[in-house]
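Colleague: The structure under discussion is supplied below as structure tokens; questions concerning it will follow.
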Amino acid sequence: MATNQTNSAFPAYYDPAKVGTLYQSEIAVAAEAGLKAQSAPSAHDKKRVMLLLVDPQVDFVLTSGTLSVPGAVEDTRRTIEWIYQHNGEITSIAASLDSHTAFQIFYPTWWINEKGEHPAPFTTISGEDIRNGIWKPVIDPTWSLNYVEELEKGGKYILMIWPYHTMIGTPGQSIVPALSEAIMYHSAARHAQPMWLIKGSIPQTENYSILEPEVKVPTHPLGGLNTSFLDMLSKYDLVYVAGQAKSHCVLSTMRSIIQYFSNQPEVIAKLRFLMDCTSSVQHPAIDFDAIANAELQAMSKQGMRLVTSKDPIN
């Protein structure tokens, strides 16, 4: 087992070089190390700090992932080390798991053209494309057209076809192994149960935000806004946010939070966005990072603070 001698805050099993690799997480080792750390139970914290991790999964982080985000390995390394360095200050860790099935509206399987071809990843599909027969939905034609038109009305995204990613039951859906160890270490050390949010498995809609789908699906139990989780977040003194990808799921999650608490500036002032623990999707024609940074700057003017993993918790 590799050991780390560079920082006394890191447990002996932690090896930064393994962060970008896929391996069997040493959960029992991390748990034992956390129990031996003998930290005070998080239930006793006077200042309650939440770390909210958005989709920190293999397919988004590792370079071998099917929708790998450039820079995500280093983002994740900084996140892991931030957890170890601030283990005694972090009350709770919550993480979302993007979870997809074979037929979803943003996958090639959902669409076909007159030649019987399915769209390649990163193809965009507009309402006009559907009306002109360029792309036809294989499933639920009425919903599909209405869905794309609703997206266009919202003005945030046009429907994009993505590579198959975070498929339920595959390694790509899993939390990055080195990060899963850090979460287990914190849980054992602080007697703190981690929270998991499953999202993205409603076939008829994208689900960038971990708190709500892009278009609401009233007939599905996860088809609306997760107000119970939002209300729980508001009870913390500080909420730190990191994960992948900044331009999509992380940014959309922040939109949901900011909008929900738009009339509660005291809650927005608790938000801390870890700028060096998240990166944007790269696209040949769209500067997603510039778009995300501009919107995050606007959010900061509403009271959310943009910070880095080097800044103290406050």
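Starting from 1 in every chain, residues are counted up; chains themselves are A, B, ... following the order of the structure tokens, and ligands are numbered from 1 as listed.
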Please provide the set of residues having any atom within 12 Å of Glu152 (chain A), restricted to only C-alpha atoms, with same-chain residues fewer than 5 positions apart removed, written as a PDB file with N, CA and C atoms, in the first residue's frame.

Modeller:
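Below is the file that was written, out-v2.pdb:
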ATOM      1  N   THR A 124     -26.690  18.613 -31.694  1.00  0.00           N
ATOM      2  CA  THR A 124     -27.771  19.375 -31.063  1.00  0.00           C
ATOM      3  C   THR A 124     -29.044  19.175 -31.873  1.00  0.00           C
ATOM      4  N   ILE A 125     -30.171  19.120 -31.172  1.00  0.00           N
ATOM      5  CA  ILE A 125     -31.469  18.903 -31.810  1.00  0.00           C
ATOM      6  C   ILE A 125     -32.414  20.010 -31.371  1.00  0.00           C
ATOM      7  N   SER A 126     -32.940  20.739 -32.333  1.00  0.00           N
ATOM      8  CA  SER A 126     -33.842  21.846 -32.046  1.00  0.00           C
ATOM      9  C   SER A 126     -35.278  21.456 -32.371  1.00  0.00           C
ATOM     10  N   GLY A 127     -36.196  22.283 -31.944  1.00  0.00           N
ATOM     11  CA  GLY A 127     -37.587  22.067 -32.296  1.00  0.00           C
ATOM     12  C   GLY A 127     -37.793  22.115 -33.797  1.00  0.00           C
ATOM     13  N   GLU A 128     -37.079  23.002 -34.455  1.00  0.00           N
ATOM     14  CA  GLU A 128     -37.180  23.110 -35.913  1.00  0.00           C
ATOM     15  C   GLU A 128     -36.682  21.839 -36.590  1.00  0.00           C
ATOM     16  N   LEU A 145     -41.141  16.624 -28.785  1.00  0.00           N
ATOM     17  CA  LEU A 145     -41.192  17.943 -29.400  1.00  0.00           C
ATOM     18  C   LEU A 145     -41.487  19.015 -28.352  1.00  0.00           C
ATOM     19  N   ASN A 146     -42.452  18.748 -27.502  1.00  0.00           N
ATOM     20  CA  ASN A 146     -42.779  19.724 -26.459  1.00  0.00           C
ATOM     21  C   ASN A 146     -41.585  19.970 -25.541  1.00  0.00           C
ATOM     22  N   TYR A 147     -40.847  18.901 -25.265  1.00  0.00           N
ATOM     23  CA  TYR A 147     -39.693  19.018 -24.382  1.00  0.00           C
ATOM     24  C   TYR A 147     -38.641  19.949 -24.968  1.00  0.00           C
ATOM     25  N   TYR A 157     -30.291  25.865 -22.313  1.00  0.00           N
ATOM     26  CA  TYR A 157     -29.611  24.864 -23.126  1.00  0.00           C
ATOM     27  C   TYR A 157     -30.496  24.487 -24.306  1.00  0.00           C
ATOM     28  N   ILE A 158     -29.853  24.049 -25.395  1.00  0.00           N
ATOM     29  CA  ILE A 158     -30.551  23.348 -26.455  1.00  0.00           C
ATOM     30  C   ILE A 158     -30.280  21.866 -26.212  1.00  0.00           C
ATOM     31  N   LEU A 159     -31.194  21.001 -26.638  1.00  0.00           N
ATOM     32  CA  LEU A 159     -30.995  19.578 -26.411  1.00  0.00           C
ATOM     33  C   LEU A 159     -29.721  19.115 -27.113  1.00  0.00           C
ATOM     34  N   MET A 160     -28.837  18.503 -26.342  1.00  0.00           N
ATOM     35  CA  MET A 160     -27.604  17.955 -26.890  1.00  0.00           C
ATOM     36  C   MET A 160     -27.583  16.451 -26.668  1.00  0.00           C
ATOM     37  N   GLU A 214     -34.706  19.307 -15.985  1.00  0.00           N
ATOM     38  CA  GLU A 214     -34.792  20.496 -16.833  1.00  0.00           C
ATOM     39  C   GLU A 214     -36.240  20.848 -17.157  1.00  0.00           C
ATOM     40  N   VAL A 215     -37.043  19.848 -17.411  1.00  0.00           N
ATOM     41  CA  VAL A 215     -38.480  20.031 -17.602  1.00  0.00           C
ATOM     42  C   VAL A 215     -39.172  19.113 -16.607  1.00  0.00           C
TER      43      VAL A 215
END

Colleague: Sort by chain and increasing residue number a table of all residues of region 158-238 of chain A within 10 Å of region 90-106 of chain A, each with its closest pair of atoms and their distance in Å to one decimal, counting only C-alpha atoms, and write it as a tab-separated table.

Modeller:
residue	atom	partner	partner_atom	distance
A:Leu159	CA	A:Phe106	CA	6.9
A:Met160	CA	A:Phe106	CA	6.2
A:Ile161	CA	A:Phe106	CA	4.7
A:Trp162	CA	A:Phe106	CA	6.0
A:Pro163	CA	A:Phe106	CA	8.7
A:Tyr164	CA	A:Ala102	CA	8.1
A:His165	CA	A:His100	CA	7.2
A:Thr166	CA	A:Ser99	CA	5.5
A:Met167	CA	A:His100	CA	4.7
A:Ile168	CA	A:Ser99	CA	5.4
A:Gly169	CA	A:Ser99	CA	8.8
A:Thr170	CA	A:Ser99	CA	9.8
A:Gly172	CA	A:Ser99	CA	9.6
A:Gln173	CA	A:Ser99	CA	6.5
A:Ser174	CA	A:Leu97	CA	7.8
A:Ile175	CA	A:Leu97	CA	7.7
A:Ile183	CA	A:Ile93	CA	7.2
A:Met184	CA	A:Ile93	CA	10.0
A:His186	CA	A:Ile90	CA	8.2
A:Ser187	CA	A:Ser92	CA	8.2
A:Arg190	CA	A:Thr91	CA	7.6
A:His191	CA	A:Thr91	CA	9.4
A:Ala192	CA	A:Ser92	CA	6.3
A:Gln193	CA	A:Ser92	CA	7.4
A:Pro194	CA	A:Ile93	CA	5.3
A:Met195	CA	A:Ala94	CA	4.4
A:Trp196	CA	A:Ala95	CA	5.2
A:Leu197	CA	A:Ser96	CA	4.4
A:Ile198	CA	A:Leu97	CA	5.0
A:Lys199	CA	A:Asp98	CA	5.2
A:Gly200	CA	A:Ser99	CA	5.2
A:Ser201	CA	A:His100	CA	4.9
A:Ile202	CA	A:Gln104	CA	7.5
A:Pro203	CA	A:Gln104	CA	4.3
A:Gln204	CA	A:Ile105	CA	5.5
A:Thr205	CA	A:Ile105	CA	6.1
A:Glu206	CA	A:Phe106	CA	6.9
A:Asn207	CA	A:Asp98	CA	8.4
A:Tyr208	CA	A:Asp98	CA	8.8
A:Ser209	CA	A:Ser96	CA	9.7
A:Ile210	CA	A:Ser96	CA	6.5
A:Leu211	CA	A:Ser96	CA	9.4
A:Tyr236	CA	A:Thr91	CA	9.0
A:Leu238	CA	A:Ile90	CA	9.5

Colleague: Could you write those residues out with C-alpha atoms, as a PDB file, in the first residue's frame?

Modeller:
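Once everything was written out, this is again26.pdb:
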ATOM      1  CA  LEU A 159     -30.995  19.578 -26.411  1.00  0.00           C
ATOM      2  CA  MET A 160     -27.604  17.955 -26.890  1.00  0.00           C
ATOM      3  CA  ILE A 161     -26.962  14.294 -27.556  1.00  0.00           C
ATOM      4  CA  TRP A 162     -24.384  12.993 -25.086  1.00  0.00           C
ATOM      5  CA  PRO A 163     -22.154   9.919 -25.143  1.00  0.00           C
ATOM      6  CA  TYR A 164     -23.506   7.095 -22.997  1.00  0.00           C
ATOM      7  CA  HIS A 165     -22.330   7.881 -19.481  1.00  0.00           C
ATOM      8  CA  THR A 166     -22.930   7.003 -15.820  1.00  0.00           C
ATOM      9  CA  MET A 167     -25.017   4.024 -16.891  1.00  0.00           C
ATOM     10  CA  ILE A 168     -26.613   2.346 -13.897  1.00  0.00           C
ATOM     11  CA  GLY A 169     -24.546  -0.603 -12.695  1.00  0.00           C
ATOM     12  CA  THR A 170     -21.391   0.261 -14.649  1.00  0.00           C
ATOM     13  CA  GLY A 172     -18.645   4.818 -14.808  1.00  0.00           C
ATOM     14  CA  GLN A 173     -21.539   5.484 -12.456  1.00  0.00           C
ATOM     15  CA  SER A 174     -19.358   4.963  -9.382  1.00  0.00           C
ATOM     16  CA  ILE A 175     -17.827   7.654  -7.234  1.00  0.00           C
ATOM     17  CA  ILE A 183     -15.954  10.182   2.231  1.00  0.00           C
ATOM     18  CA  MET A 184     -15.760   6.942   4.221  1.00  0.00           C
ATOM     19  CA  HIS A 186     -14.887  11.403   7.176  1.00  0.00           C
ATOM     20  CA  SER A 187     -17.973   9.352   7.954  1.00  0.00           C
ATOM     21  CA  ARG A 190     -17.001  12.147  12.562  1.00  0.00           C
ATOM     22  CA  HIS A 191     -19.785   9.580  13.086  1.00  0.00           C
ATOM     23  CA  ALA A 192     -21.511  11.275  10.122  1.00  0.00           C
ATOM     24  CA  GLN A 193     -23.735   9.418   7.674  1.00  0.00           C
ATOM     25  CA  PRO A 194     -23.035  10.560   4.078  1.00  0.00           C
ATOM     26  CA  MET A 195     -26.043  11.577   1.984  1.00  0.00           C
ATOM     27  CA  TRP A 196     -26.624  10.305  -1.562  1.00  0.00           C
ATOM     28  CA  LEU A 197     -28.876  11.909  -4.160  1.00  0.00           C
ATOM     29  CA  ILE A 198     -29.794   9.764  -7.159  1.00  0.00           C
ATOM     30  CA  LYS A 199     -30.732  11.782 -10.234  1.00  0.00           C
ATOM     31  CA  GLY A 200     -30.952  11.536 -14.001  1.00  0.00           C
ATOM     32  CA  SER A 201     -32.904   8.305 -14.458  1.00  0.00           C
ATOM     33  CA  ILE A 202     -36.150   9.843 -15.760  1.00  0.00           C
ATOM     34  CA  PRO A 203     -36.043   8.944 -19.481  1.00  0.00           C
ATOM     35  CA  GLN A 204     -38.066  11.925 -20.735  1.00  0.00           C
ATOM     36  CA  THR A 205     -35.859  14.727 -19.418  1.00  0.00           C
ATOM     37  CA  GLU A 206     -32.327  15.892 -18.810  1.00  0.00           C
ATOM     38  CA  ASN A 207     -31.428  16.387 -15.155  1.00  0.00           C
ATOM     39  CA  TYR A 208     -28.437  18.691 -14.998  1.00  0.00           C
ATOM     40  CA  SER A 209     -29.360  20.106 -11.614  1.00  0.00           C
ATOM     41  CA  ILE A 210     -29.177  17.536  -8.856  1.00  0.00           C
ATOM     42  CA  LEU A 211     -32.316  19.152  -7.412  1.00  0.00           C
ATOM     43  CA  TYR A 236     -26.284  24.629   7.746  1.00  0.00           C
ATOM     44  CA  LEU A 238     -21.913  27.074   5.452  1.00  0.00           C
TER      45      LEU A 238
END

Colleague: Of the residues A:Ala12, A:Ala189, A:Cys249, A:Val138, which is the one nearest to Pro56 (chain A), using only C-alpha atoms?

Modeller: A:Cys249

Colleague: Within 10 Å of Gly303 (chain A), counting only C-alpha atoms, which residues qualify if same-chain residues fewer than 3 places away don't, as an MDAnalysis selection string?

Modeller: chainID A and resid 258 265:272 298:300 306

Colleague: For Val239 (chain A), work out the shell of residues within 9 Å, counting only C-alpha atoms and skipping chain neighbours fewer than 2 positions away, then give it as a ChimeraX atom specification.

Modeller: /A:48-52,233-234,236-237,241,270-273

Colleague: Any chance you could export the current selection's N, CA and C atoms as a tab-separated table (two decimals), in the first residue's frame?

Modeller:
chain	number	residue	atom	x	y	z
A	48	ARG	N	-22.03	24.32	11.62
A	48	ARG	CA	-22.38	23.18	10.80
A	48	ARG	C	-22.03	23.47	9.33
A	49	VAL	N	-21.14	22.64	8.80
A	49	VAL	CA	-20.61	22.85	7.44
A	49	VAL	C	-20.97	21.65	6.57
A	50	MET	N	-21.59	21.93	5.44
A	50	MET	CA	-21.94	20.90	4.46
A	50	MET	C	-21.00	20.98	3.26
A	51	LEU	N	-20.52	19.84	2.80
A	51	LEU	CA	-19.85	19.74	1.50
A	51	LEU	C	-20.80	19.05	0.54
A	52	LEU	N	-21.19	19.74	-0.51
A	52	LEU	CA	-22.10	19.21	-1.52
A	52	LEU	C	-21.31	18.89	-2.77
A	233	LEU	N	-30.53	22.00	3.52
A	233	LEU	CA	-29.31	22.79	3.28
A	233	LEU	C	-29.35	24.12	4.04
A	234	SER	N	-30.50	24.73	4.08
A	234	SER	CA	-30.62	26.05	4.70
A	234	SER	C	-30.32	26.03	6.19
A	236	TYR	N	-27.73	24.61	7.52
A	236	TYR	CA	-26.28	24.63	7.75
A	236	TYR	C	-25.77	26.07	7.80
A	237	ASP	N	-24.65	26.24	8.48
A	237	ASP	CA	-24.05	27.58	8.57
A	237	ASP	C	-23.25	27.92	7.32
A	241	VAL	N	-19.57	23.84	-2.31
A	241	VAL	CA	-20.02	23.10	-3.50
A	241	VAL	C	-18.83	22.82	-4.41
A	270	LYS	N	-24.52	31.94	2.77
A	270	LYS	CA	-23.84	30.78	3.34
A	270	LYS	C	-23.12	29.95	2.28
A	271	LEU	N	-23.40	30.20	1.01
A	271	LEU	CA	-22.87	29.37	-0.07
A	271	LEU	C	-21.42	29.71	-0.40
A	272	ARG	N	-20.61	28.67	-0.55
A	272	ARG	CA	-19.21	28.81	-0.93
A	272	ARG	C	-18.95	27.90	-2.13
A	273	PHE	N	-18.54	28.49	-3.24
A	273	PHE	CA	-18.31	27.73	-4.47
A	273	PHE	C	-16.81	27.51	-4.63

Colleague: Do a neighbour search on Lys246 (chain A) at 12 Å with only C-alpha atoms, toss out local chain neighbours closer than 4 positions, and write the hits as a ChimeraX atom specification.

Modeller: /A:53-56,60,69-72,75,208-209,241-242,250-255,273-282,288-296

Colleague: Please give the complete set of residues from region 166-235 of chain A that DSSP, run on the backbone, assigns to alpha helix (DSSP H), formatted as number ranges by chain.

Modeller: A: 177-190, 227-233

Colleague: Restricted to C-alpha atoms, what would the selected residues look like written as a PDB file, in the first residue's frame?

Modeller:
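part_27.pdb written:
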ATOM      1  CA  PRO A 177     -12.431   5.446  -5.762  1.00  0.00           C
ATOM      2  CA  ALA A 178     -10.014   7.781  -3.977  1.00  0.00           C
ATOM      3  CA  LEU A 179     -12.885  10.150  -3.210  1.00  0.00           C
ATOM      4  CA  SER A 180     -15.097   7.343  -1.923  1.00  0.00           C
ATOM      5  CA  GLU A 181     -12.319   6.523   0.547  1.00  0.00           C
ATOM      6  CA  ALA A 182     -12.185  10.140   1.713  1.00  0.00           C
ATOM      7  CA  ILE A 183     -15.954  10.182   2.231  1.00  0.00           C
ATOM      8  CA  MET A 184     -15.760   6.942   4.221  1.00  0.00           C
ATOM      9  CA  TYR A 185     -12.877   8.300   6.296  1.00  0.00           C
ATOM     10  CA  HIS A 186     -14.887  11.403   7.176  1.00  0.00           C
ATOM     11  CA  SER A 187     -17.973   9.352   7.954  1.00  0.00           C
ATOM     12  CA  ALA A 188     -16.128   7.036  10.333  1.00  0.00           C
ATOM     13  CA  ALA A 189     -14.089   9.788  11.964  1.00  0.00           C
ATOM     14  CA  ARG A 190     -17.001  12.147  12.562  1.00  0.00           C
ATOM     15  CA  THR A 227     -37.508  21.070  -1.654  1.00  0.00           C
ATOM     16  CA  SER A 228     -36.836  18.799   1.320  1.00  0.00           C
ATOM     17  CA  PHE A 229     -33.120  18.698   0.520  1.00  0.00           C
ATOM     18  CA  LEU A 230     -33.027  22.441  -0.104  1.00  0.00           C
ATOM     19  CA  ASP A 231     -34.725  23.130   3.212  1.00  0.00           C
ATOM     20  CA  MET A 232     -32.197  20.877   4.912  1.00  0.00           C
ATOM     21  CA  LEU A 233     -29.313  22.791   3.284  1.00  0.00           C
TER      22      LEU A 233
END

Colleague: May I have all residues of region 138-277 of chain A that DSSP, computed from the backbone, assigns to strand (DSSP E or B), given as a list in words?

Modeller: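 Secondary structure check on region 138-277 of chain A, strand (DSSP E or B): Leu159, Met160, Met167, Ile175, Met195, Trp196, Leu197, Ile198, Lys199, Leu238, Val239, Tyr240, Val241, Ala242, Gly243, Leu271, Arg272, Phe273 and Leu274 of chain A.
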
Colleague: Write a file of the selected residues as a short mmCIF file (atom, residue, chain, number, x, y, z; two decimals), in the first residue's frame, keeping C-alpha atoms.

Modeller:
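Output (again03.cif):
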data_model
loop_
_atom_site.label_atom_id
_atom_site.label_comp_id
_atom_site.auth_asym_id
_atom_site.auth_seq_id
_atom_site.Cartn_x
_atom_site.Cartn_y
_atom_site.Cartn_z
CA LEU A 159 -31.00 19.58 -26.41
CA MET A 160 -27.60 17.95 -26.89
CA MET A 167 -25.02 4.02 -16.89
CA ILE A 175 -17.83 7.65 -7.23
CA MET A 195 -26.04 11.58 1.98
CA TRP A 196 -26.62 10.30 -1.56
CA LEU A 197 -28.88 11.91 -4.16
CA ILE A 198 -29.79 9.76 -7.16
CA LYS A 199 -30.73 11.78 -10.23
CA LEU A 238 -21.91 27.07 5.45
CA VAL A 239 -22.43 25.03 2.27
CA TYR A 240 -19.41 24.30 0.07
CA VAL A 241 -20.02 23.10 -3.50
CA ALA A 242 -17.70 21.17 -5.84
CA GLY A 243 -17.99 18.54 -8.57
CA LEU A 271 -22.87 29.37 -0.07
CA ARG A 272 -19.21 28.81 -0.93
CA PHE A 273 -18.31 27.73 -4.47
CA LEU A 274 -14.93 25.91 -4.68
#

Colleague: Kindly indicate which residue among A:His44, A:Arg131, A:Arg78, A:His283 lies nearest to Lys310 (chain A), using only C-alpha atoms for the distances.

Modeller: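 Looking at the shortest contact to Lys310 (chain A), the residue is A:Arg78.
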